[in-house]
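Participant: Just model.pdb, nothing more (PDB, C-alpha atoms):
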```
ATOM      1  CA  MET Q   4      -0.687 -29.169 172.056
ATOM      2  CA  ILE Q   5       0.966 -31.634 169.636
ATOM      3  CA  ALA Q   6      -1.436 -34.320 170.841
ATOM      4  CA  HIS Q   7      -4.332 -32.100 169.752
ATOM      5  CA  ALA Q   8      -2.871 -31.464 166.284
ATOM      6  CA  PRO Q   9      -4.740 -34.297 164.474
ATOM      7  CA  TYR Q  10      -7.995 -33.196 166.113
ATOM      8  CA  ILE Q  11      -7.498 -29.539 165.069
ATOM      9  CA  ALA Q  12      -6.454 -30.563 161.553
ATOM     10  CA  GLY Q  13      -9.524 -32.833 161.296
ATOM     11  CA  ALA Q  14     -11.825 -29.990 162.381
ATOM     12  CA  LEU Q  15     -10.202 -27.610 159.872
ATOM     13  CA  LEU Q  16     -10.563 -30.197 157.097
ATOM     14  CA  ALA Q  17     -14.232 -30.615 158.017
ATOM     15  CA  LEU Q  18     -14.722 -26.827 157.862
ATOM     16  CA  LEU Q  19     -12.891 -26.435 154.542
ATOM     17  CA  PHE Q  20     -14.590 -29.299 152.709
ATOM     18  CA  ALA Q  21     -18.015 -28.379 154.115
ATOM     19  CA  ALA Q  22     -17.573 -24.818 152.794
ATOM     20  CA  ILE Q  23     -16.576 -26.117 149.342
ATOM     21  CA  THR Q  24     -19.502 -28.570 149.323
ATOM     22  CA  VAL Q  25     -21.996 -25.827 150.211
ATOM     23  CA  LEU Q  26     -20.644 -23.456 147.541
ATOM     24  CA  TYR Q  27     -20.916 -26.264 144.985
ATOM     25  CA  ASP Q  28     -24.469 -27.110 146.117
ATOM     26  CA  CYS Q  29     -25.481 -23.437 145.826
ATOM     27  CA  HIS Q  30     -23.922 -23.231 142.358
ATOM     28  CA  VAL Q  31     -25.697 -26.357 141.115
ATOM     29  CA  SER Q  32     -29.102 -25.523 142.613
ATOM     30  CA  ILE Q  33     -29.036 -21.961 141.302
ATOM     31  CA  GLN Q  34     -27.858 -23.037 137.846
ATOM     32  CA  ASP Q  35     -30.607 -25.630 137.789
ATOM     33  CA  ARG Q  36     -33.440 -23.359 138.944
ATOM     34  CA  LEU Q  37     -32.449 -20.028 137.398
ATOM     35  CA  LYS Q  38     -31.100 -21.584 134.174
ATOM     36  CA  ARG Q  39     -27.864 -19.669 134.713
ATOM     37  CA  VAL Q  40     -25.347 -18.630 137.346
ATOM     38  CA  PRO Q  41     -24.692 -15.039 136.300
ATOM     39  CA  MET Q  42     -21.504 -14.599 138.313
ATOM     40  CA  PRO Q  43     -19.155 -16.871 140.270
ATOM     41  CA  ILE Q  44     -20.925 -18.022 143.410
ATOM     42  CA  TYR Q  45     -17.823 -17.406 145.564
ATOM     43  CA  SER Q  46     -17.894 -13.717 144.581
ATOM     44  CA  THR Q  47     -21.123 -13.320 146.568
ATOM     45  CA  PRO Q  48     -20.385 -12.538 150.250
ATOM     46  CA  GLN Q  49     -23.712 -14.102 151.286
ATOM     47  CA  ALA Q  50     -22.704 -17.430 149.688
ATOM     48  CA  VAL Q  51     -19.313 -17.353 151.423
ATOM     49  CA  CYS Q  52     -21.070 -16.535 154.706
ATOM     50  CA  LEU Q  53     -23.482 -19.489 154.308
ATOM     51  CA  ALA Q  54     -20.555 -21.761 153.402
ATOM     52  CA  LEU Q  55     -18.609 -20.670 156.490
ATOM     53  CA  VAL Q  56     -21.587 -21.179 158.811
ATOM     54  CA  CYS Q  57     -22.039 -24.708 157.447
ATOM     55  CA  GLY Q  58     -18.271 -25.174 157.786
ATOM     56  CA  VAL Q  59     -18.469 -24.287 161.474
ATOM     57  CA  VAL Q  60     -21.365 -26.776 161.862
ATOM     58  CA  ALA Q  61     -19.146 -29.434 160.272
ATOM     59  CA  ALA Q  62     -16.208 -28.563 162.560
ATOM     60  CA  VAL Q  63     -18.469 -28.778 165.624
ATOM     61  CA  ALA Q  64     -19.981 -32.044 164.336
ATOM     62  CA  PHE Q  65     -16.444 -33.389 163.925
ATOM     63  CA  GLY Q  66     -15.944 -32.744 167.636
ATOM     64  CA  PHE Q  67     -18.823 -35.138 168.323
ATOM     65  CA  THR Q  68     -17.300 -38.012 166.368
ATOM     66  CA  ASP Q  69     -14.929 -40.612 167.730
ATOM     67  CA  ASN Q  70     -12.695 -43.305 166.327
ATOM     68  CA  LYS Q  71     -15.178 -46.052 167.193
ATOM     69  CA  GLY Q  72     -18.264 -44.744 165.426
ATOM     70  CA  ASP Q  73     -20.391 -44.797 168.579
ATOM     71  CA  THR Q  74     -21.735 -41.232 168.628
ATOM     72  CA  LEU Q  75     -25.031 -39.888 167.178
ATOM     73  CA  VAL Q  76     -23.144 -37.932 164.505
ATOM     74  CA  ASP Q  77     -21.216 -41.070 163.524
ATOM     75  CA  SER Q  78     -24.447 -43.030 163.211
ATOM     76  CA  VAL Q  79     -26.198 -40.335 161.079
ATOM     77  CA  LEU Q  80     -23.210 -40.161 158.724
ATOM     78  CA  GLY Q  81     -22.538 -43.895 158.851
ATOM     79  CA  LEU Q  82     -18.984 -43.183 160.002
ATOM     80  CA  ARG Q  83     -16.613 -45.744 161.422
ATOM     81  CA  GLN Q  84     -13.301 -44.072 160.780
ATOM     82  CA  SER Q  85     -10.325 -44.039 163.119
ATOM     83  CA  ASN Q  86      -8.133 -41.687 161.047
ATOM     84  CA  PRO Q  87      -8.991 -38.134 162.232
ATOM     85  CA  TYR Q  88      -7.908 -36.509 158.945
ATOM     86  CA  LEU Q  89     -10.094 -38.811 156.877
ATOM     87  CA  ARG Q  90     -12.913 -38.411 159.409
ATOM     88  CA  GLY Q  91     -12.670 -34.622 159.101
ATOM     89  CA  LEU Q  92     -12.760 -34.826 155.318
ATOM     90  CA  ILE Q  93     -15.810 -37.127 155.341
ATOM     91  CA  VAL Q  94     -17.687 -34.976 157.872
ATOM     92  CA  GLY Q  95     -16.988 -31.920 155.685
ATOM     93  CA  LEU Q  96     -18.151 -33.581 152.467
ATOM     94  CA  THR Q  97     -21.310 -34.962 154.084
ATOM     95  CA  VAL Q  98     -22.241 -31.932 156.174
ATOM     96  CA  LEU Q  99     -25.372 -31.380 154.089
ATOM     97  CA  VAL Q 100     -26.567 -34.890 154.969
ATOM     98  CA  LEU Q 101     -26.229 -33.895 158.595
ATOM     99  CA  ILE Q 102     -27.884 -30.490 158.222
ATOM    100  CA  ARG Q 103     -30.677 -31.766 155.971
ATOM    101  CA  SER Q 104     -31.168 -35.154 157.615
ATOM    102  CA  LYS Q 105     -34.619 -36.536 158.432
ATOM    103  CA  LEU Q 106     -33.948 -35.376 161.958
ATOM    104  CA  SER Q 107     -34.728 -31.858 160.733
ATOM    105  CA  SER Q 108     -37.991 -32.472 158.862
ATOM    106  CA  ILE Q 109     -41.348 -33.837 159.910
ATOM    107  CA  LYS Q 110     -43.782 -35.116 157.268
ATOM    108  CA  GLY Q 111     -42.164 -32.947 154.593
ATOM    109  CA  ALA Q 112     -42.354 -29.754 156.671
ATOM    110  CA  GLU Q 113     -38.997 -28.084 157.025
ATOM    111  CA  ILE Q 114     -37.767 -27.441 160.523
ATOM    112  CA  GLY Q 115     -34.378 -26.877 162.094
ATOM    113  CA  GLY Q 116     -31.382 -27.369 159.823
ATOM    114  CA  GLU Q 117     -33.350 -27.927 156.609
ATOM    115  CA  LEU Q 118     -35.328 -24.718 157.123
ATOM    116  CA  ALA Q 119     -32.205 -22.724 157.991
ATOM    117  CA  TYR Q 120     -30.220 -24.103 155.043
ATOM    118  CA  ASN Q 121     -33.004 -23.466 152.505
ATOM    119  CA  SER Q 122     -33.492 -19.957 153.885
ATOM    120  CA  GLY Q 123     -29.750 -19.451 153.441
ATOM    121  CA  ARG Q 124     -29.921 -20.568 149.811
ATOM    122  CA  VAL Q 125     -32.869 -18.228 149.124
ATOM    123  CA  TRP Q 126     -30.836 -15.402 150.717
ATOM    124  CA  VAL Q 127     -27.910 -16.248 148.400
ATOM    125  CA  MET Q 128     -30.196 -16.362 145.333
ATOM    126  CA  GLN Q 129     -31.756 -13.016 146.233
ATOM    127  CA  SER Q 130     -28.409 -11.339 146.754
ATOM    128  CA  LEU Q 131     -27.085 -12.829 143.519
ATOM    129  CA  ASN Q 132     -30.125 -11.481 141.657
ATOM    130  CA  THR Q 133     -29.637  -8.006 143.132
ATOM    131  CA  ARG Q 134     -25.923  -7.989 142.272
ATOM    132  CA  TRP Q 135     -26.744  -9.171 138.750
ATOM    133  CA  GLN Q 136     -29.340  -6.422 138.266
ATOM    134  CA  THR Q 137     -26.778  -3.825 139.387
ATOM    135  CA  PHE Q 138     -24.100  -5.318 137.128
ATOM    136  CA  LYS Q 139     -26.389  -5.203 134.071
ATOM    137  CA  ALA Q 140     -27.429  -1.605 134.787
ATOM    138  CA  GLU Q 141     -23.785  -0.514 135.128
ATOM    139  CA  PHE Q 142     -22.730  -2.492 132.058
ATOM    140  CA  ASN Q 143     -25.405  -0.746 130.002
ATOM    141  CA  ARG Q 144     -24.476   2.647 131.407
ATOM    142  CA  ARG Q 145     -20.805   2.114 130.490
ATOM    143  CA  ASN Q 146     -21.410   0.586 127.077
ATOM    144  CA  GLN Q 147     -24.644   1.943 125.687
ATOM    145  CA  ALA Q 148     -22.863   4.620 123.627
ATOM    146  CA  ALA Q 149     -20.497   1.998 122.181
ATOM    147  CA  ALA Q 150     -23.416  -0.298 121.381
ATOM    148  CA  LEU Q 151     -25.314   2.457 119.603
ATOM    149  CA  ALA Q 152     -22.157   3.323 117.628
ATOM    150  CA  THR Q 153     -21.539  -0.284 116.534
ATOM    151  CA  ALA Q 154     -22.628  -1.051 113.001
ATOM    152  CA  ASN Q 155     -24.995  -4.034 112.803
ATOM    153  CA  TYR Q 156     -24.982  -4.338 116.610
ATOM    154  CA  GLU Q 157     -28.126  -6.463 116.683
ATOM    155  CA  VAL Q 158     -26.886  -8.945 114.045
ATOM    156  CA  GLN Q 159     -23.408  -9.224 115.561
ATOM    157  CA  LEU Q 160     -24.649  -9.595 119.123
ATOM    158  CA  LEU Q 161     -27.256 -12.222 118.311
ATOM    159  CA  ALA Q 162     -24.669 -14.184 116.313
ATOM    160  CA  GLU Q 163     -22.365 -14.129 119.364
ATOM    161  CA  LEU Q 164     -25.243 -15.160 121.628
ATOM    162  CA  THR Q 165     -26.234 -18.044 119.346
ATOM    163  CA  GLY Q 166     -22.627 -19.208 119.230
ATOM    164  CA  ALA Q 167     -22.219 -18.990 122.988
ATOM    165  CA  ILE Q 168     -25.283 -21.113 123.784
ATOM    166  CA  ARG Q 169     -24.721 -23.643 120.989
ATOM    167  CA  VAL Q 170     -23.468 -26.229 123.487
ATOM    168  CA  GLN Q 171     -26.480 -25.807 125.783
ATOM    169  CA  PRO Q 172     -29.446 -28.245 125.782
ATOM    170  CA  GLU Q 173     -32.062 -27.710 123.081
ATOM    171  CA  GLU Q 174     -34.702 -26.683 125.610
ATOM    172  CA  PHE Q 175     -32.473 -23.849 126.824
ATOM    173  CA  ARG Q 176     -31.718 -22.695 123.264
ATOM    174  CA  THR Q 177     -35.445 -22.682 122.441
ATOM    175  CA  PHE Q 178     -36.094 -20.764 125.671
ATOM    176  CA  VAL Q 179     -33.596 -18.054 124.683
ATOM    177  CA  ASP Q 180     -34.605 -18.070 121.025
ATOM    178  CA  SER Q 181     -38.278 -17.446 121.849
ATOM    179  CA  GLN Q 182     -37.306 -14.360 123.856
ATOM    180  CA  VAL Q 183     -35.012 -13.091 121.096
ATOM    181  CA  LYS Q 184     -37.823 -13.467 118.536
ATOM    182  CA  ASN Q 185     -40.286 -11.658 120.818
ATOM    183  CA  VAL Q 186     -37.870  -8.769 121.338
ATOM    184  CA  GLN Q 187     -37.092  -8.546 117.613
ATOM    185  CA  ALA Q 188     -40.811  -8.381 116.878
ATOM    186  CA  SER Q 189     -40.810  -5.122 118.847
ATOM    187  CA  ARG Q 190     -37.938  -3.546 116.883
ATOM    188  CA  PRO Q 191     -38.599   0.203 116.549
ATOM    189  CA  THR Q 192     -40.151   1.120 113.228
ATOM    190  CA  ALA Q 193     -38.625   4.604 113.170
ATOM    191  CA  PRO Q 194     -35.293   5.065 111.365
ATOM    192  CA  PHE Q 195     -32.322   4.333 113.624
ATOM    193  CA  ALA Q 196     -31.151   7.267 115.720
ATOM    194  CA  ALA Q 197     -28.707   6.863 118.595
ATOM    195  CA  THR Q 198     -30.441   9.671 120.459
ATOM    196  CA  ASP Q 199     -33.880   8.039 120.183
ATOM    197  CA  VAL Q 200     -34.990   6.665 123.568
ATOM    198  CA  VAL Q 201     -36.944   3.858 121.878
ATOM    199  CA  TRP Q 202     -33.815   2.628 120.083
ATOM    200  CA  GLN Q 203     -31.769   3.000 123.271
ATOM    201  CA  THR Q 204     -34.310   0.828 125.119
ATOM    202  CA  TYR Q 205     -34.250  -1.750 122.306
ATOM    203  CA  TYR Q 206     -30.434  -1.965 122.394
ATOM    204  CA  ARG Q 207     -30.448  -2.199 126.201
ATOM    205  CA  ILE Q 208     -32.859  -5.127 126.121
ATOM    206  CA  LEU Q 209     -30.767  -6.915 123.461
ATOM    207  CA  THR Q 210     -27.671  -6.378 125.619
ATOM    208  CA  ASN Q 211     -29.483  -7.737 128.689
ATOM    209  CA  LEU Q 212     -30.564 -10.831 126.748
ATOM    210  CA  ALA Q 213     -26.960 -11.545 125.788
ATOM    211  CA  LEU Q 214     -25.736 -10.915 129.345
ATOM    212  CA  ASP Q 215     -28.452 -13.090 130.916
ATOM    213  CA  TYR Q 216     -27.875 -16.157 128.786
ATOM    214  CA  ALA Q 217     -24.266 -15.967 127.620
ATOM    215  CA  GLY Q 218     -22.659 -13.879 130.374
ATOM    216  CA  PRO Q 219     -20.325 -10.881 130.036
ATOM    217  CA  SER Q 220     -17.764 -13.020 128.174
ATOM    218  CA  VAL Q 221     -19.935 -12.733 125.065
ATOM    219  CA  PHE Q 222     -18.512  -9.200 124.740
ATOM    220  CA  ALA Q 223     -14.897 -10.319 125.221
ATOM    221  CA  GLY Q 224     -13.815  -9.541 121.647
ATOM    222  CA  TRP Q 225     -15.576  -6.190 121.479
ATOM    223  CA  THR Q 226     -12.725  -3.726 121.862
ATOM    224  CA  THR Q 227     -14.910  -0.642 122.272
ATOM    225  CA  PHE Q 228     -16.741  -2.244 125.208
ATOM    226  CA  SER Q 229     -15.669  -2.013 128.834
ATOM    227  CA  LEU Q 230     -16.329  -5.317 130.600
ATOM    228  CA  LYS Q 231     -15.367  -4.230 134.147
TER     229      LYS Q 231
ATOM    230  CA  MET F  13     -43.260 -23.206 122.658
ATOM    231  CA  GLN F  14     -44.775 -21.027 125.371
ATOM    232  CA  PHE F  15     -42.537 -20.650 128.404
ATOM    233  CA  ARG F  16     -43.914 -19.787 131.782
ATOM    234  CA  LEU F  17     -43.589 -16.212 132.947
ATOM    235  CA  LEU F  18     -42.024 -17.456 136.175
ATOM    236  CA  ASP F  19     -39.273 -19.321 134.262
ATOM    237  CA  ILE F  20     -38.333 -16.140 132.430
ATOM    238  CA  LEU F  21     -38.407 -14.072 135.620
ATOM    239  CA  GLN F  22     -36.185 -16.589 137.392
ATOM    240  CA  SER F  23     -33.685 -16.514 134.551
ATOM    241  CA  THR F  24     -33.458 -12.730 134.287
ATOM    242  CA  GLY F  25     -33.514 -11.677 137.914
ATOM    243  CA  PRO F  26     -35.274  -8.362 138.644
ATOM    244  CA  VAL F  27     -36.398  -6.862 135.345
ATOM    245  CA  ALA F  28     -38.224  -3.717 134.198
ATOM    246  CA  LEU F  29     -41.864  -4.406 133.354
ATOM    247  CA  ASN F  30     -41.568  -3.042 129.807
ATOM    248  CA  GLU F  31     -38.528  -5.304 129.201
ATOM    249  CA  LEU F  32     -40.450  -8.314 130.513
ATOM    250  CA  ILE F  33     -43.289  -7.510 128.124
ATOM    251  CA  MET F  34     -40.911  -7.335 125.158
ATOM    252  CA  ARG F  35     -39.298 -10.642 126.116
ATOM    253  CA  THR F  36     -42.560 -12.497 126.591
ATOM    254  CA  HIS F  37     -44.950 -11.078 123.995
ATOM    255  CA  ALA F  38     -44.133 -10.588 120.349
ATOM    256  CA  GLY F  39     -47.220  -8.708 119.232
ATOM    257  CA  GLN F  40     -47.998  -6.615 122.293
ATOM    258  CA  SER F  41     -51.621  -6.371 121.205
ATOM    259  CA  PRO F  42     -54.044  -5.121 123.877
ATOM    260  CA  GLU F  43     -55.356  -8.698 124.267
ATOM    261  CA  GLU F  44     -51.838 -10.095 124.821
ATOM    262  CA  LEU F  45     -50.985  -7.350 127.283
ATOM    263  CA  GLY F  46     -54.236  -8.018 129.113
ATOM    264  CA  GLU F  47     -53.278 -11.682 129.309
ATOM    265  CA  LEU F  48     -49.835 -10.798 130.702
ATOM    266  CA  ARG F  49     -51.429  -8.484 133.244
ATOM    267  CA  GLU F  50     -53.709 -11.307 134.404
ATOM    268  CA  GLN F  51     -50.782 -13.757 134.643
ATOM    269  CA  LEU F  52     -48.811 -11.244 136.666
ATOM    270  CA  LYS F  53     -51.789 -10.597 138.920
ATOM    271  CA  VAL F  54     -52.148 -14.310 139.650
ATOM    272  CA  LEU F  55     -48.440 -14.600 140.501
ATOM    273  CA  VAL F  56     -48.502 -11.466 142.667
ATOM    274  CA  ASN F  57     -51.637 -12.664 144.517
ATOM    275  CA  ALA F  58     -49.976 -16.047 145.090
ATOM    276  CA  GLY F  59     -47.015 -14.228 146.624
ATOM    277  CA  LEU F  60     -44.560 -15.655 144.068
ATOM    278  CA  VAL F  61     -43.736 -12.378 142.328
ATOM    279  CA  THR F  62     -43.396  -8.789 143.492
ATOM    280  CA  VAL F  63     -43.887  -5.669 141.399
ATOM    281  CA  SER F  64     -42.361  -2.470 142.760
ATOM    282  CA  GLY F  65     -42.257   1.091 141.508
ATOM    283  CA  LEU F  66     -45.648   1.009 139.802
ATOM    284  CA  ARG F  67     -47.174   4.399 139.143
ATOM    285  CA  SER F  68     -50.631   2.910 139.351
ATOM    286  CA  VAL F  69     -51.433   1.292 142.691
ATOM    287  CA  ASP F  70     -53.486  -1.500 141.154
ATOM    288  CA  LEU F  71     -51.914  -3.680 138.460
ATOM    289  CA  SER F  72     -55.307  -4.664 137.097
ATOM    290  CA  ARG F  73     -56.205  -1.021 136.427
ATOM    291  CA  MET F  74     -53.150  -0.403 134.253
ATOM    292  CA  SER F  75     -53.895   0.220 130.601
ATOM    293  CA  PRO F  76     -51.831  -1.457 127.821
ATOM    294  CA  GLU F  77     -50.052   1.895 127.320
ATOM    295  CA  ASP F  78     -49.206   2.079 131.035
ATOM    296  CA  LEU F  79     -47.763  -1.443 130.849
ATOM    297  CA  THR F  80     -45.579  -0.875 127.785
ATOM    298  CA  ASN F  81     -44.246   2.430 129.158
ATOM    299  CA  SER F  82     -43.554   1.101 132.633
ATOM    300  CA  SER F  83     -39.758   1.143 132.701
ATOM    301  CA  ASP F  84     -39.818   2.293 136.343
ATOM    302  CA  ALA F  85     -41.709  -0.782 137.549
ATOM    303  CA  ILE F  86     -39.484  -3.699 138.519
ATOM    304  CA  VAL F  87     -40.789  -7.263 138.498
ATOM    305  CA  GLU F  88     -38.969  -9.992 140.413
ATOM    306  CA  VAL F  89     -39.487 -13.386 141.957
ATOM    307  CA  SER F  90     -40.284 -13.034 145.646
ATOM    308  CA  ARG F  91     -38.659 -14.908 148.534
ATOM    309  CA  ALA F  92     -41.567 -17.356 148.508
ATOM    310  CA  GLY F  93     -41.137 -17.827 144.750
ATOM    311  CA  LEU F  94     -37.420 -18.516 145.109
ATOM    312  CA  ARG F  95     -38.128 -20.923 147.967
ATOM    313  CA  ARG F  96     -40.624 -22.787 145.786
ATOM    314  CA  ALA F  97     -38.154 -22.864 142.894
ATOM    315  CA  LEU F  98     -35.546 -24.434 145.161
ATOM    316  CA  ALA F  99     -38.006 -26.991 146.467
ATOM    317  CA  SER F 100     -39.267 -28.091 143.037
TER     318      SER F 100
END
```
Write the structure described by the file as structure tokens, please.

Facilitator:
Amino acid sequence: MIAHAPYIAGALLALLFAAITVLYDCHVSIQDRLKRVPMPIYSTPQAVCLALVCGVVAAVAFGFTDNKGDTLVDSVLGLRQSNPYLRGLIVGLTVLVLIRSKLSSIKGAEIGGELAYNSGRVWVMQSLNTRWQTFKAEFNRRNQAAALATANYEVQLLAELTGAIRVQPEEFRTFVDSQVKNVQASRPTAPFAATDVVWQTYYRILTNLALDYAGPSVFAGWTTFSLK
Amino acid sequence: MQFRLLDILQSTGPVALNELIMRTHAGQSPEELGELREQLKVLVNAGLVTVSGLRSVDLSRMSPEDLTNSSDAIVEVSRAGLRRALAS
């Protein structure tokens, strides 16, 4: 049993670091494509599930490595490492190279690991979008009355939003700003009334804009708002 | 600067059609709404976007009033659209 300890530890290291690498890859790709990651990626069960599956692949792949670098897995990863702990760590960190290697695509067409991994990322993005839609709906339900009761809500909220995205690239700020201007151009012409559905819709859309591009933390200082 | 409808849809997640209209079109004139309807139709036909909960079966038959009052209709990027976004 003791003789197997380095092997088991190496496999566990491969699993752990592969899971972290996959969560990071999901975070970066979603942030890049969706222009935001609305909630922590690890809070999505689907992302954790994908990370664990890739972790198991890494642990199994570790089992096919040796201290001489003679196996197929060693050659794909360019491994020549005798230390099992270090080998486990490297297999974990490079699991995506293994899963998405040229072995799993032909002339640009995804097959095998590449297809499965990309399908997994789409599944994570879809579930994240659904969770985000639910979060926004519940946030509005909890806080719409407080928003409608806040004096100068629109001015205050847009000032917070502008401040929150100040550090973002100019393209992103222009992207958000164009939407804010479009929404403001549709401000209701009727006098403000908290019971007016048109005003309620307008406030909800302003709230969604702030949530989409600055996250719930933009409301952190608003004592009458419930963030959770 | 005119941003693509798909960029906005990707950044918002599923969104009510009337909210999408407010975010993308300042004037909401019948011509602008017609243009949005055509853009949406192209994306739906390409399989990149799905529209659910529409009262009218056919998007192209919706009047500007139907579009601006369509809070029940939800627009979102489809699986194929997300896959393409990841690949780009």

Participant: Should the cut-off be 12 Å, what would the residue list for chain F against chain Q look like, counting all atoms listed in the file, as JSON, numbers by chain?

Facilitator: {"F": [13, 14, 15, 16, 17, 18, 19, 20, 21, 22, 23, 24, 25, 26, 27, 28, 29, 30, 31, 32, 33, 34, 35, 36, 37, 38, 39, 40, 41, 80, 81, 82, 83, 86, 87, 88, 89, 90, 91, 92, 93, 94, 95, 96, 97, 98, 99, 100]}

Participant: Measure the distance from CA of Arg83 (chain Q) to CA of Lys71 (chain Q) in Å and round it to one decimal.

Facilitator: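 Rounded to one decimal, the two atoms are 6.0 Å apart.
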
Participant: Measuring atom to atom with only C-alpha atoms, identify which of Q:Gln203, Q:Ser46, Q:Thr68, Q:Thr153 is nearest to Leu80 (chain Q).

Facilitator: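 Of the candidates, the smallest distance to Leu80 (chain Q) is held by Q:Thr68.
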
Participant: What lies within 12 Å of Val100 (chain Q) using only C-alpha atoms, ignoring chain neighbours under 2 positions off, as a VMD selection string?

Facilitator: chain Q and resid 21 24 to 25 28 57 60 to 61 64 76 to 81 93 to 98 102 to 107 116 to 117 120

Participant: Please compute the CA of Gln49 (chain Q)-CA of Ser130 (chain Q) distance, one decimal, in Å.

Facilitator: 7.1 Å

Participant: Give the answer as one residue: which of F:Ala85, F:Asp78, F:Gly65, F:Arg73 has the shortest atom-to-atom distance to Glu50 (chain F), using all atoms listed in the file?

Facilitator: F:Arg73

Participant: Suppose you want the space between CA of Val56 (chain F) and CA of Ala119 (chain Q); what is it in Å?

Facilitator: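 Distance between the two atoms: 25.0 Å.
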
Participant: Quick one: everything within 8 Å of Leu71 (chain F), counting only C-alpha atoms, minus sequence neighbours fewer than 5 positions away in the same chain. Send it as JSON, numbers by chain.

Facilitator: {"F": [49, 53, 66]}

Participant: Evaluate the PyMOL selection byres ((chain Q and resi 53) around 9) against this structure - the residues, as a short mmCIF file (atom, residue, chain, number, x, y, z; two decimals) with C-alpha atoms, in the frame of the given file, please.

Facilitator:
```
data_model
loop_
_atom_site.label_atom_id
_atom_site.label_comp_id
_atom_site.auth_asym_id
_atom_site.auth_seq_id
_atom_site.Cartn_x
_atom_site.Cartn_y
_atom_site.Cartn_z
CA ALA Q 22 -17.57 -24.82 152.79
CA VAL Q 25 -22.00 -25.83 150.21
CA LEU Q 26 -20.64 -23.46 147.54
CA PRO Q 48 -20.39 -12.54 150.25
CA GLN Q 49 -23.71 -14.10 151.29
CA ALA Q 50 -22.70 -17.43 149.69
CA VAL Q 51 -19.31 -17.35 151.42
CA CYS Q 52 -21.07 -16.54 154.71
CA ALA Q 54 -20.56 -21.76 153.40
CA LEU Q 55 -18.61 -20.67 156.49
CA VAL Q 56 -21.59 -21.18 158.81
CA CYS Q 57 -22.04 -24.71 157.45
CA GLY Q 58 -18.27 -25.17 157.79
CA TYR Q 120 -30.22 -24.10 155.04
CA GLY Q 123 -29.75 -19.45 153.44
CA ARG Q 124 -29.92 -20.57 149.81
CA VAL Q 127 -27.91 -16.25 148.40
#
```

Participant: Quick one: apply the PyMOL selection byres ((chain Q and resi 13) around 7) to the file and drop the selected residues here as a list of chain:residue names.

Facilitator: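 Going through the file, the PyMOL selection byres ((chain Q and resi 13) around 7) ends up selecting Q:Pro9, Q:Tyr10, Q:Ile11, Q:Ala12, Q:Ala14, Q:Leu15, Q:Leu16, Q:Ala17, Q:Pro87, Q:Tyr88, Q:Arg90, Q:Gly91.
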
Participant: So that each row is one residue of region 171-221 of chain Q with an atom at most 10 Å from region 227-230 of chain Q, can you give its shortest atom pair and the distance in Å to one decimal, using all atoms listed in the file, rows by chain and rising number, as a tab-separated table?

Facilitator:
```
residue	atom	partner	partner_atom	distance
Q:Pro219	CA	Q:Leu230	CA	6.9
Q:Ser220	CA	Q:Leu230	CA	8.2
Q:Val221	CA	Q:Leu230	CA	9.9
```

Participant: Would you compute an axis-aligned box for region 85-100 of chain Q, covering every atom listed for it in the file with 6 Å of margin on each side, and report centre and edge lengths in Å to one decimal as AutoDock Vina command-line options?

Facilitator:
```
--center_x -17.2 --center_y -37.7 --center_z 157.8 --size_x 30.7 --size_y 24.7 --size_z 22.7
```

Participant: Residue by residue, what does the PyMOL selection byres ((chain Q and resi 85) around 6) grab here? Present the result as a PDB file with C-alpha atoms, in the frame of the given file.

Facilitator:
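Wrote selection.pdb, looks like this:
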```pdb
ATOM      1  CA  ASN Q  70     -12.695 -43.305 166.327  1.00  0.00           C
ATOM      2  CA  GLN Q  84     -13.301 -44.072 160.780  1.00  0.00           C
ATOM      3  CA  ASN Q  86      -8.133 -41.687 161.047  1.00  0.00           C
TER       4      ASN Q  86
END
```
